[in-house]
$ cat input36.cif   # mmCIF, C-alpha atoms
data_work
loop_
_atom_site.group_PDB
_atom_site.id
_atom_site.type_symbol
_atom_site.label_atom_id
_atom_site.label_comp_id
_atom_site.auth_asym_id
_atom_site.auth_seq_id
_atom_site.Cartn_x
_atom_site.Cartn_y
_atom_site.Cartn_z
ATOM 1 C CA ARG U 1418 0.000 0.000 0.000
ATOM 2 C CA LYS U 1419 1.322 3.441 -0.892
ATOM 3 C CA GLU U 1420 2.043 5.812 1.971
ATOM 4 C CA VAL U 1421 -0.038 8.581 0.410
ATOM 5 C CA GLU U 1422 -2.854 7.654 -1.944
ATOM 6 C CA GLN U 1423 -4.851 9.836 -4.288
ATOM 7 C CA ASP U 1424 -7.333 9.238 -7.064
ATOM 8 C CA PRO U 1425 -5.310 10.066 -10.200
ATOM 9 C CA GLY U 1426 -8.348 11.415 -12.070
ATOM 10 C CA PRO U 1427 -8.568 13.177 -14.398
ATOM 11 C CA PHE U 1428 -11.409 15.238 -13.044
ATOM 12 C CA ASN U 1429 -13.011 17.095 -15.952
ATOM 13 C CA VAL U 1430 -15.232 19.915 -14.709
ATOM 14 C CA PRO U 1431 -16.828 23.009 -16.259
ATOM 15 C CA GLU U 1432 -15.796 26.491 -15.236
ATOM 16 C CA GLY U 1433 -17.556 27.578 -12.088
ATOM 17 C CA ALA U 1434 -17.957 24.063 -10.721
ATOM 18 C CA THR U 1435 -16.998 22.937 -7.245
ATOM 19 C CA VAL U 1436 -14.630 19.990 -7.110
ATOM 20 C CA ALA U 1437 -13.210 18.007 -4.205
ATOM 21 C CA PHE U 1438 -10.103 15.856 -3.984
ATOM 22 C CA ASN U 1439 -9.378 13.296 -1.328
ATOM 23 C CA CYS U 1440 -6.168 11.801 -0.017
ATOM 24 C CA THR U 1441 -5.391 9.107 2.525
ATOM 25 C CA TYR U 1442 -2.118 8.485 4.305
ATOM 26 C CA SER U 1443 -0.892 5.375 6.067
ATOM 27 C CA ASN U 1444 1.653 6.693 8.572
ATOM 28 C CA SER U 1445 -0.214 7.626 11.746
ATOM 29 C CA ALA U 1446 2.889 9.466 12.970
ATOM 30 C CA SER U 1447 2.635 12.001 10.153
ATOM 31 C CA GLN U 1448 2.863 15.525 11.479
ATOM 32 C CA SER U 1449 2.304 18.025 8.707
ATOM 33 C CA PHE U 1450 0.153 18.031 5.628
ATOM 34 C CA PHE U 1451 0.151 20.080 2.477
ATOM 35 C CA TRP U 1452 -1.455 20.472 -0.900
ATOM 36 C CA TYR U 1453 0.899 21.330 -3.748
ATOM 37 C CA ARG U 1454 0.009 22.199 -7.295
ATOM 38 C CA GLN U 1455 2.122 21.060 -10.236
ATOM 39 C CA ASP U 1456 1.688 22.319 -13.772
ATOM 40 C CA CYS U 1457 2.878 20.227 -16.684
ATOM 41 C CA ARG U 1458 6.684 20.030 -16.843
ATOM 42 C CA LYS U 1459 7.048 22.449 -13.927
ATOM 43 C CA GLU U 1460 8.055 22.115 -10.300
ATOM 44 C CA PRO U 1461 5.451 21.666 -7.536
ATOM 45 C CA LYS U 1462 4.318 24.844 -5.821
ATOM 46 C CA LEU U 1463 2.877 25.001 -2.341
ATOM 47 C CA LEU U 1464 -0.849 25.691 -2.506
ATOM 48 C CA MET U 1465 -1.645 25.506 1.176
ATOM 49 C CA SER U 1466 -0.829 23.780 4.416
ATOM 50 C CA VAL U 1467 -3.559 21.697 6.010
ATOM 51 C CA TYR U 1468 -4.475 22.138 9.655
ATOM 52 C CA SER U 1469 -6.607 19.993 11.952
ATOM 53 C CA SER U 1470 -9.109 22.795 12.346
ATOM 54 C CA GLY U 1471 -9.485 23.125 8.593
ATOM 55 C CA ASN U 1472 -8.366 26.181 6.697
ATOM 56 C CA GLU U 1473 -9.523 28.283 3.813
ATOM 57 C CA ASP U 1474 -7.666 30.433 1.332
ATOM 58 C CA GLY U 1475 -9.991 32.188 -1.073
ATOM 59 C CA ARG U 1476 -11.687 29.540 -3.207
ATOM 60 C CA PHE U 1477 -9.669 26.729 -1.650
ATOM 61 C CA THR U 1478 -10.580 24.854 1.534
ATOM 62 C CA ALA U 1479 -8.463 22.118 3.047
ATOM 63 C CA GLN U 1480 -9.456 19.727 5.809
ATOM 64 C CA LEU U 1481 -7.685 17.086 7.822
ATOM 65 C CA ASN U 1482 -9.189 14.144 9.679
ATOM 66 C CA ARG U 1483 -6.436 12.585 11.763
ATOM 67 C CA ALA U 1484 -8.641 9.778 13.082
ATOM 68 C CA SER U 1485 -9.405 8.602 9.553
ATOM 69 C CA GLN U 1486 -5.979 9.677 8.180
ATOM 70 C CA TYR U 1487 -7.734 11.592 5.463
ATOM 71 C CA ILE U 1488 -7.103 14.962 3.837
ATOM 72 C CA SER U 1489 -9.316 16.854 1.442
ATOM 73 C CA LEU U 1490 -9.129 19.863 -0.845
ATOM 74 C CA LEU U 1491 -12.220 21.691 -2.070
ATOM 75 C CA ILE U 1492 -12.045 24.148 -4.939
ATOM 76 C CA ARG U 1493 -15.034 26.417 -5.451
ATOM 77 C CA ASP U 1494 -15.895 28.391 -8.595
ATOM 78 C CA SER U 1495 -13.268 26.588 -10.691
ATOM 79 C CA LYS U 1496 -11.245 28.671 -13.148
ATOM 80 C CA LEU U 1497 -9.540 27.519 -16.317
ATOM 81 C CA SER U 1498 -6.242 28.380 -14.618
ATOM 82 C CA ASP U 1499 -6.951 25.823 -11.894
ATOM 83 C CA SER U 1500 -6.175 23.058 -14.419
ATOM 84 C CA ALA U 1501 -3.147 21.260 -12.987
ATOM 85 C CA THR U 1502 -2.134 18.219 -10.964
ATOM 86 C CA TYR U 1503 -2.782 18.524 -7.241
ATOM 87 C CA LEU U 1504 -0.360 16.703 -4.993
ATOM 88 C CA CYS U 1505 -1.190 15.608 -1.469
ATOM 89 C CA VAL U 1506 1.983 15.771 0.597
ATOM 90 C CA VAL U 1507 2.683 14.445 4.065
ATOM 91 C CA LYS U 1508 5.637 15.196 6.286
ATOM 92 C CA SER U 1509 6.650 12.714 8.946
ATOM 93 C CA MET U 1510 9.005 13.763 11.685
ATOM 94 C CA GLY U 1511 12.105 11.691 11.961
ATOM 95 C CA ALA U 1512 15.064 11.456 9.673
ATOM 96 C CA GLY U 1513 15.319 14.594 7.597
ATOM 97 C CA ASN U 1514 11.742 15.914 7.751
ATOM 98 C CA MET U 1515 11.134 14.252 4.438
ATOM 99 C CA LEU U 1516 8.055 14.898 2.359
ATOM 100 C CA THR U 1517 6.093 11.993 0.926
ATOM 101 C CA PHE U 1518 4.115 12.778 -2.190
ATOM 102 C CA GLY U 1519 0.904 11.238 -3.370
ATOM 103 C CA GLY U 1520 0.629 10.350 -7.024
ATOM 104 C CA GLY U 1521 -1.382 13.480 -7.731
ATOM 105 C CA THR U 1522 -4.889 14.160 -8.971
ATOM 106 C CA ARG U 1523 -5.233 15.768 -12.348
ATOM 107 C CA LEU U 1524 -7.855 18.477 -12.759
ATOM 108 C CA MET U 1525 -9.013 19.820 -16.104
ATOM 109 C CA VAL U 1526 -11.372 22.783 -16.055
ATOM 110 C CA LYS U 1527 -13.181 23.321 -19.348
ATOM 111 C CA PRO U 1528 -14.918 26.450 -20.648
ATOM 112 C CA GLY F 591 11.081 35.485 -0.873
ATOM 113 C CA ALA F 592 11.949 31.776 -0.690
ATOM 114 C CA VAL F 593 13.300 31.447 -4.220
ATOM 115 C CA VAL F 594 15.190 28.346 -5.267
ATOM 116 C CA SER F 595 17.042 28.163 -8.552
ATOM 117 C CA GLN F 596 18.437 25.227 -10.465
ATOM 118 C CA HIS F 597 20.999 25.154 -13.213
ATOM 119 C CA PRO F 598 20.883 24.006 -15.911
ATOM 120 C CA SER F 599 17.182 23.900 -16.664
ATOM 121 C CA TRP F 600 17.738 21.222 -19.258
ATOM 122 C CA VAL F 601 20.673 19.169 -20.483
ATOM 123 C CA ILE F 602 21.242 16.610 -23.212
ATOM 124 C CA CYS F 603 24.323 14.435 -22.940
ATOM 125 C CA LYS F 604 25.872 11.302 -24.356
ATOM 126 C CA SER F 605 25.744 8.036 -22.493
ATOM 127 C CA GLY F 606 28.714 7.637 -20.171
ATOM 128 C CA THR F 607 29.234 11.309 -19.411
ATOM 129 C CA SER F 608 28.696 12.987 -16.056
ATOM 130 C CA VAL F 609 26.274 15.819 -15.472
ATOM 131 C CA LYS F 610 26.294 18.275 -12.581
ATOM 132 C CA ILE F 611 23.103 20.021 -11.451
ATOM 133 C CA GLU F 612 23.195 22.984 -9.069
ATOM 134 C CA CYS F 613 20.502 23.963 -6.610
ATOM 135 C CA ARG F 614 20.645 27.353 -4.924
ATOM 136 C CA SER F 615 18.481 29.025 -2.316
ATOM 137 C CA LEU F 616 18.634 32.660 -3.385
ATOM 138 C CA ASP F 617 17.196 34.565 -0.463
ATOM 139 C CA PHE F 618 17.406 32.242 2.516
ATOM 140 C CA GLN F 619 19.820 29.806 4.075
ATOM 141 C CA ALA F 620 18.982 26.130 3.865
ATOM 142 C CA THR F 621 20.721 23.643 6.116
ATOM 143 C CA THR F 622 18.752 20.910 4.394
ATOM 144 C CA MET F 623 18.083 20.425 0.711
ATOM 145 C CA PHE F 624 16.339 17.535 -0.955
ATOM 146 C CA TRP F 625 16.793 15.945 -4.361
ATOM 147 C CA TYR F 626 13.842 14.366 -6.150
ATOM 148 C CA ARG F 627 13.376 12.608 -9.442
ATOM 149 C CA GLN F 628 10.163 12.497 -11.433
ATOM 150 C CA PHE F 629 9.519 10.177 -14.369
ATOM 151 C CA PRO F 630 6.720 10.977 -16.843
ATOM 152 C CA LYS F 631 3.221 10.661 -15.364
ATOM 153 C CA GLN F 632 4.625 9.701 -11.992
ATOM 154 C CA SER F 633 4.949 11.608 -8.761
ATOM 155 C CA LEU F 634 8.127 12.936 -7.228
ATOM 156 C CA MET F 635 10.357 10.373 -5.607
ATOM 157 C CA LEU F 636 12.860 11.470 -2.998
ATOM 158 C CA MET F 637 16.387 10.451 -3.923
ATOM 159 C CA ALA F 638 18.404 11.920 -1.081
ATOM 160 C CA THR F 639 18.508 14.444 1.709
ATOM 161 C CA SER F 640 21.438 16.813 1.587
ATOM 162 C CA ASN F 641 22.702 18.362 4.804
ATOM 163 C CA GLU F 642 25.161 21.227 4.808
ATOM 164 C CA GLY F 643 28.583 20.103 5.902
ATOM 165 C CA SER F 644 27.789 16.409 6.189
ATOM 166 C CA LYS F 645 27.156 13.387 4.004
ATOM 167 C CA ALA F 646 23.868 13.063 2.206
ATOM 168 C CA THR F 647 21.309 10.481 3.248
ATOM 169 C CA TYR F 648 20.168 8.370 0.314
ATOM 170 C CA GLU F 649 16.822 6.648 -0.067
ATOM 171 C CA GLN F 650 16.677 2.929 -0.581
ATOM 172 C CA GLY F 651 17.523 1.928 -4.123
ATOM 173 C CA VAL F 652 19.438 5.113 -4.953
ATOM 174 C CA GLU F 653 23.124 4.486 -5.638
ATOM 175 C CA LYS F 654 25.242 6.969 -3.730
ATOM 176 C CA ASP F 655 28.249 6.378 -5.992
ATOM 177 C CA LYS F 656 26.204 7.184 -9.056
ATOM 178 C CA PHE F 657 24.394 10.225 -7.704
ATOM 179 C CA LEU F 658 27.013 12.308 -5.931
ATOM 180 C CA ILE F 659 25.677 15.038 -3.686
ATOM 181 C CA ASN F 660 27.671 17.903 -2.263
ATOM 182 C CA HIS F 661 26.198 20.530 0.059
ATOM 183 C CA ALA F 662 29.175 22.771 0.694
ATOM 184 C CA SER F 663 27.349 25.917 1.765
ATOM 185 C CA LEU F 664 24.028 26.995 3.216
ATOM 186 C CA THR F 665 22.823 28.127 -0.191
ATOM 187 C CA LEU F 666 24.193 25.548 -2.620
ATOM 188 C CA SER F 667 23.796 21.824 -3.147
ATOM 189 C CA THR F 668 24.965 19.947 -6.228
ATOM 190 C CA LEU F 669 23.900 16.622 -7.688
ATOM 191 C CA THR F 670 26.276 14.915 -10.095
ATOM 192 C CA VAL F 671 24.926 12.070 -12.184
ATOM 193 C CA THR F 672 28.022 10.041 -12.973
ATOM 194 C CA SER F 673 28.320 7.895 -16.092
ATOM 195 C CA ALA F 674 24.781 8.751 -17.114
ATOM 196 C CA HIS F 675 22.753 6.248 -19.096
ATOM 197 C CA PRO F 676 19.440 6.608 -20.959
ATOM 198 C CA GLU F 677 17.514 5.185 -18.007
ATOM 199 C CA ASP F 678 18.734 8.172 -15.944
ATOM 200 C CA SER F 679 16.782 10.509 -18.213
ATOM 201 C CA SER F 680 14.287 12.214 -15.952
ATOM 202 C CA PHE F 681 13.169 15.471 -14.369
ATOM 203 C CA TYR F 682 15.400 16.232 -11.383
ATOM 204 C CA ILE F 683 14.002 18.687 -8.833
ATOM 205 C CA CYS F 684 15.617 20.048 -5.707
ATOM 206 C CA SER F 685 13.976 21.681 -2.735
ATOM 207 C CA ALA F 686 15.370 23.762 0.088
ATOM 208 C CA GLU F 687 13.986 23.919 3.586
ATOM 209 C CA ASN F 688 13.757 27.214 5.440
ATOM 210 C CA ARG F 689 13.798 27.789 9.192
ATOM 211 C CA GLY F 690 10.049 27.295 9.262
ATOM 212 C CA ASN F 691 10.484 23.759 7.885
ATOM 213 C CA GLU F 692 8.739 24.723 4.660
ATOM 214 C CA GLN F 693 10.181 23.301 1.466
ATOM 215 C CA PHE F 694 10.447 25.369 -1.661
ATOM 216 C CA PHE F 695 11.177 23.740 -4.966
ATOM 217 C CA GLY F 696 13.553 24.665 -7.713
ATOM 218 C CA PRO F 697 12.244 24.810 -11.291
ATOM 219 C CA GLY F 698 13.742 21.427 -12.106
ATOM 220 C CA THR F 699 16.345 20.128 -14.538
ATOM 221 C CA ARG F 700 15.281 17.971 -17.443
ATOM 222 C CA LEU F 701 18.034 15.465 -18.233
ATOM 223 C CA THR F 702 18.057 13.534 -21.480
ATOM 224 C CA VAL F 703 20.779 10.945 -21.966
ATOM 225 C CA LEU F 704 21.251 9.775 -25.536
#
$ encode --input "input36.cif" --output "structure tokens"
Amino acid sequence: RKEVEQDPGPFNVPEGATVAFNCTYSNSASQSFFWYRQDCRKEPKLLMSVYSSGNEDGRFTAQLNRASQYISLLIRDSKLSDSATYLCVVKSMGAGNMLTFGGGTRLMVKP
Amino acid sequence: GAVVSQHPSWVICKSGTSVKIECRSLDFQATTMFWYRQFPKQSLMLMATSNEGSKATYEQGVEKDKFLINHASLTLSTLTVTSAHPEDSSFYICSAENRGNEQFFGPGTRLTVL
């Protein structure tokens, strides 16, 4: 079983739609959680950190359920520019503060 | 702030040659840098953790003698792919960690070995 699992998609949605991505992680000792965005042939860019209390940044809302080891990202009012791959990332304390990446979920927003 | 650069952005080389990739944190000091590799349609895989002034820690399955890492200063880490072969062709990305334990990624280096 992969440490961080995501539905690869693609999710094809019309502009203005609301779309949600889910992610599960296997290491119960994981400490920090993030959503990154990666455009084709580019490096990942931090979209937002994910906190236990849930957090919102504009059209983006992230939630964490530690009991279920589950993270979500909700995008409201999708824009064409939201088309990208969204990576669920987990950091586990220990050797080197390494990040573990999920396989990514591809989103395509259509006009 | 928190800008990380990589050089070169792309490189094409002949099989058997060595290629050096530089990763620099431009506006912050990074005691730890990470090197990742990403094959097409796959996610990033951590290759090694680079600590300033000490030996890098390699992930399982990554040959330390093939992928030489040097982290000589708080703003520079280098990855040298020695005796590169076509199967080493990939997208190599570094990241640098700031004092807040956030990682910022470089733009990546696309390596093609002929």
$ closest_atom_pairs --input "input36.cif" --of "chain F" --to "chain U" --cutoff "10 Å" --atoms "only C-alpha atoms" --output "Markdown table"
| residue | atom | partner | partner_atom | distance |
| --- | --- | --- | --- | --- |
| F:Thr622 | CA | U:Gly1513 | CA | 7.9 |
| F:Met623 | CA | U:Gly1513 | CA | 9.4 |
| F:Phe624 | CA | U:Met1515 | CA | 8.2 |
| F:Gln628 | CA | U:Arg1458 | CA | 9.9 |
| F:Pro630 | CA | U:Arg1458 | CA | 9.1 |
| F:Lys631 | CA | U:Gly1520 | CA | 8.7 |
| F:Gln632 | CA | U:Gly1520 | CA | 6.4 |
| F:Ser633 | CA | U:Gly1520 | CA | 4.8 |
| F:Leu634 | CA | U:Phe1518 | CA | 6.4 |
| F:Met635 | CA | U:Phe1518 | CA | 7.5 |
| F:Leu636 | CA | U:Thr1517 | CA | 7.8 |
| F:Ala638 | CA | U:Met1515 | CA | 9.4 |
| F:Thr639 | CA | U:Gly1513 | CA | 6.7 |
| F:Ser640 | CA | U:Gly1513 | CA | 8.9 |
| F:Asn641 | CA | U:Gly1513 | CA | 8.7 |
| F:Thr647 | CA | U:Gly1513 | CA | 8.5 |
| F:Phe681 | CA | U:Arg1458 | CA | 8.3 |
| F:Tyr682 | CA | U:Glu1460 | CA | 9.5 |
| F:Ile683 | CA | U:Glu1460 | CA | 7.0 |
| F:Cys684 | CA | U:Glu1460 | CA | 9.1 |
| F:Ser685 | CA | U:Glu1460 | CA | 9.6 |
| F:Glu687 | CA | U:Asn1514 | CA | 9.3 |
| F:Asn691 | CA | U:Asn1514 | CA | 7.9 |
| F:Glu692 | CA | U:Leu1463 | CA | 9.1 |
| F:Gln693 | CA | U:Leu1463 | CA | 8.4 |
| F:Phe694 | CA | U:Lys1462 | CA | 7.4 |
| F:Phe695 | CA | U:Glu1460 | CA | 6.4 |
| F:Gly696 | CA | U:Glu1460 | CA | 6.6 |
| F:Pro697 | CA | U:Glu1460 | CA | 5.1 |
| F:Gly698 | CA | U:Glu1460 | CA | 6.0 |
| F:Thr699 | CA | U:Glu1460 | CA | 9.5 |
| F:Arg700 | CA | U:Arg1458 | CA | 8.9 |
$ write_last_selection --input "input36.cif" --atoms "C-alpha atoms" --output "PDB file, in the frame of the given file"
ATOM      1  CA  THR F 622      18.752  20.910   4.394  1.00  0.00           C
ATOM      2  CA  MET F 623      18.083  20.425   0.711  1.00  0.00           C
ATOM      3  CA  PHE F 624      16.339  17.535  -0.955  1.00  0.00           C
ATOM      4  CA  GLN F 628      10.163  12.497 -11.433  1.00  0.00           C
ATOM      5  CA  PRO F 630       6.720  10.977 -16.843  1.00  0.00           C
ATOM      6  CA  LYS F 631       3.221  10.661 -15.364  1.00  0.00           C
ATOM      7  CA  GLN F 632       4.625   9.701 -11.992  1.00  0.00           C
ATOM      8  CA  SER F 633       4.949  11.608  -8.761  1.00  0.00           C
ATOM      9  CA  LEU F 634       8.127  12.936  -7.228  1.00  0.00           C
ATOM     10  CA  MET F 635      10.357  10.373  -5.607  1.00  0.00           C
ATOM     11  CA  LEU F 636      12.860  11.470  -2.998  1.00  0.00           C
ATOM     12  CA  ALA F 638      18.404  11.920  -1.081  1.00  0.00           C
ATOM     13  CA  THR F 639      18.508  14.444   1.709  1.00  0.00           C
ATOM     14  CA  SER F 640      21.438  16.813   1.587  1.00  0.00           C
ATOM     15  CA  ASN F 641      22.702  18.362   4.804  1.00  0.00           C
ATOM     16  CA  THR F 647      21.309  10.481   3.248  1.00  0.00           C
ATOM     17  CA  PHE F 681      13.169  15.471 -14.369  1.00  0.00           C
ATOM     18  CA  TYR F 682      15.400  16.232 -11.383  1.00  0.00           C
ATOM     19  CA  ILE F 683      14.002  18.687  -8.833  1.00  0.00           C
ATOM     20  CA  CYS F 684      15.617  20.048  -5.707  1.00  0.00           C
ATOM     21  CA  SER F 685      13.976  21.681  -2.735  1.00  0.00           C
ATOM     22  CA  GLU F 687      13.986  23.919   3.586  1.00  0.00           C
ATOM     23  CA  ASN F 691      10.484  23.759   7.885  1.00  0.00           C
ATOM     24  CA  GLU F 692       8.739  24.723   4.660  1.00  0.00           C
ATOM     25  CA  GLN F 693      10.181  23.301   1.466  1.00  0.00           C
ATOM     26  CA  PHE F 694      10.447  25.369  -1.661  1.00  0.00           C
ATOM     27  CA  PHE F 695      11.177  23.740  -4.966  1.00  0.00           C
ATOM     28  CA  GLY F 696      13.553  24.665  -7.713  1.00  0.00           C
ATOM     29  CA  PRO F 697      12.244  24.810 -11.291  1.00  0.00           C
ATOM     30  CA  GLY F 698      13.742  21.427 -12.106  1.00  0.00           C
ATOM     31  CA  THR F 699      16.345  20.128 -14.538  1.00  0.00           C
ATOM     32  CA  ARG F 700      15.281  17.971 -17.443  1.00  0.00           C
TER      33      ARG F 700
END
$ residues_around --input "input36.cif" --residues "Thr621 in chain F" --least-positions-apart "6" --cutoff "10 Å" --atoms "all atoms listed in the file" --output "ChimeraX atom specification"
/F:640-643,661,663-667,686-689
$ resolve_selection --input "input36.cif" --expression "the PyMOL selection byres ((chain U and resi 1427) around 9)" --output "mmCIF file with C-alpha atoms, in the frame of the given file"
data_model
loop_
_atom_site.group_PDB
_atom_site.id
_atom_site.type_symbol
_atom_site.label_atom_id
_atom_site.label_comp_id
_atom_site.auth_asym_id
_atom_site.auth_seq_id
_atom_site.Cartn_x
_atom_site.Cartn_y
_atom_site.Cartn_z
ATOM 1 C CA ASP U 1424 -7.333 9.238 -7.064
ATOM 2 C CA PRO U 1425 -5.310 10.066 -10.200
ATOM 3 C CA GLY U 1426 -8.348 11.415 -12.070
ATOM 4 C CA PHE U 1428 -11.409 15.238 -13.044
ATOM 5 C CA ASN U 1429 -13.011 17.095 -15.952
ATOM 6 C CA THR U 1502 -2.134 18.219 -10.964
ATOM 7 C CA THR U 1522 -4.889 14.160 -8.971
ATOM 8 C CA ARG U 1523 -5.233 15.768 -12.348
ATOM 9 C CA LEU U 1524 -7.855 18.477 -12.759
ATOM 10 C CA MET U 1525 -9.013 19.820 -16.104
#
$ atom_distance --input "input36.cif" --atom1 "CA of Gln1480 in chain U" --atom2 "CA of Ala592 in chain F"
25.4 Å
$ resolve_selection --input "input36.cif" --expression "the PyMOL selection byres ((chain U and resi 1434) around 7)" --output "ChimeraX atom specification"
/U:1430-1433,1435-1436,1493-1495
$ resolve_selection --input "input36.cif" --expression "the PyMOL selection byres ((chain U and resi 1422) around 8)" --output "list of chain:residue names"
U:Lys1419, U:Glu1420, U:Val1421, U:Gln1423, U:Asp1424, U:Cys1440, U:Thr1441, U:Tyr1442, U:Gly1519, U:Gly1520
$ residues_near_point --input "input36.cif" --point "(14.2, 9.7, -16.8)" --cutoff "8 Å" --atoms "all atoms listed in the file" --output "list of chain:residue names"
F:Arg627, F:Gln628, F:Phe629, F:Pro630, F:Pro676, F:Glu677, F:Asp678, F:Ser679, F:Ser680, F:Phe681, F:Leu701, F:Thr702
$ write_last_selection --input "input36.cif" --atoms "C-alpha atoms" --output "mmCIF file, keeping the file's coordinate frame"
data_model
loop_
_atom_site.group_PDB
_atom_site.id
_atom_site.type_symbol
_atom_site.label_atom_id
_atom_site.label_comp_id
_atom_site.auth_asym_id
_atom_site.auth_seq_id
_atom_site.Cartn_x
_atom_site.Cartn_y
_atom_site.Cartn_z
ATOM 1 C CA ARG F 627 13.376 12.608 -9.442
ATOM 2 C CA GLN F 628 10.163 12.497 -11.433
ATOM 3 C CA PHE F 629 9.519 10.177 -14.369
ATOM 4 C CA PRO F 630 6.720 10.977 -16.843
ATOM 5 C CA PRO F 676 19.440 6.608 -20.959
ATOM 6 C CA GLU F 677 17.514 5.185 -18.007
ATOM 7 C CA ASP F 678 18.734 8.172 -15.944
ATOM 8 C CA SER F 679 16.782 10.509 -18.213
ATOM 9 C CA SER F 680 14.287 12.214 -15.952
ATOM 10 C CA PHE F 681 13.169 15.471 -14.369
ATOM 11 C CA LEU F 701 18.034 15.465 -18.233
ATOM 12 C CA THR F 702 18.057 13.534 -21.480
#
$ atom_distance --input "input36.cif" --atom1 "CA of Ala1437 in chain U" --atom2 "CA of Phe1450 in chain U"
16.6 Å
$ atom_distance --input "input36.cif" --atom1 "CA of Ala1484 in chain U" --atom2 "CA of Ser1449 in chain U"
14.4 Å
$ residues_near_point --input "input36.cif" --point "(-3.7, 22.9, 1.6)" --cutoff "6 Å" --atoms "only C-alpha atoms" --output "count of residues only"
7
$ build_atoms --input "input36.cif" --residues "range 607-618 of chain F" --atoms "N, CA, C and O atoms" --output "short mmCIF file (atom, residue, chain, number, x, y, z; two decimals), in the coordinates of the input"
data_model
loop_
_atom_site.label_atom_id
_atom_site.label_comp_id
_atom_site.auth_asym_id
_atom_site.auth_seq_id
_atom_site.Cartn_x
_atom_site.Cartn_y
_atom_site.Cartn_z
N THR F 607 28.71 10.04 -19.94
CA THR F 607 29.23 11.31 -19.41
C THR F 607 28.61 11.61 -18.06
O THR F 607 27.62 10.99 -17.66
N SER F 608 29.22 12.57 -17.36
CA SER F 608 28.70 12.99 -16.06
C SER F 608 28.06 14.36 -16.17
O SER F 608 28.52 15.20 -16.94
N VAL F 609 27.03 14.56 -15.41
CA VAL F 609 26.27 15.82 -15.47
C VAL F 609 26.12 16.36 -14.05
O VAL F 609 25.73 15.62 -13.14
N LYS F 610 26.43 17.64 -13.89
CA LYS F 610 26.29 18.27 -12.58
C LYS F 610 25.11 19.23 -12.60
O LYS F 610 25.00 20.07 -13.50
N ILE F 611 24.27 19.13 -11.59
CA ILE F 611 23.10 20.02 -11.45
C ILE F 611 23.27 20.81 -10.16
O ILE F 611 23.57 20.24 -9.11
N GLU F 612 23.07 22.12 -10.25
CA GLU F 612 23.20 22.98 -9.07
C GLU F 612 21.84 23.42 -8.55
O GLU F 612 20.94 23.72 -9.33
N CYS F 613 21.73 23.49 -7.26
CA CYS F 613 20.50 23.96 -6.61
C CYS F 613 20.90 25.05 -5.63
O CYS F 613 21.75 24.83 -4.75
N ARG F 614 20.31 26.23 -5.80
CA ARG F 614 20.64 27.35 -4.92
C ARG F 614 19.41 27.95 -4.27
O ARG F 614 18.39 28.17 -4.95
N SER F 615 19.52 28.24 -2.98
CA SER F 615 18.48 29.02 -2.32
C SER F 615 18.95 30.48 -2.39
O SER F 615 20.03 30.81 -1.93
N LEU F 616 18.16 31.32 -3.04
CA LEU F 616 18.63 32.66 -3.38
C LEU F 616 18.46 33.68 -2.27
O LEU F 616 19.23 34.64 -2.18
N ASP F 617 17.46 33.51 -1.45
CA ASP F 617 17.20 34.56 -0.46
C ASP F 617 17.01 34.01 0.94
O ASP F 617 16.46 34.69 1.81
N PHE F 618 17.44 32.78 1.17
CA PHE F 618 17.41 32.24 2.52
C PHE F 618 18.47 31.16 2.62
O PHE F 618 18.96 30.64 1.63
#
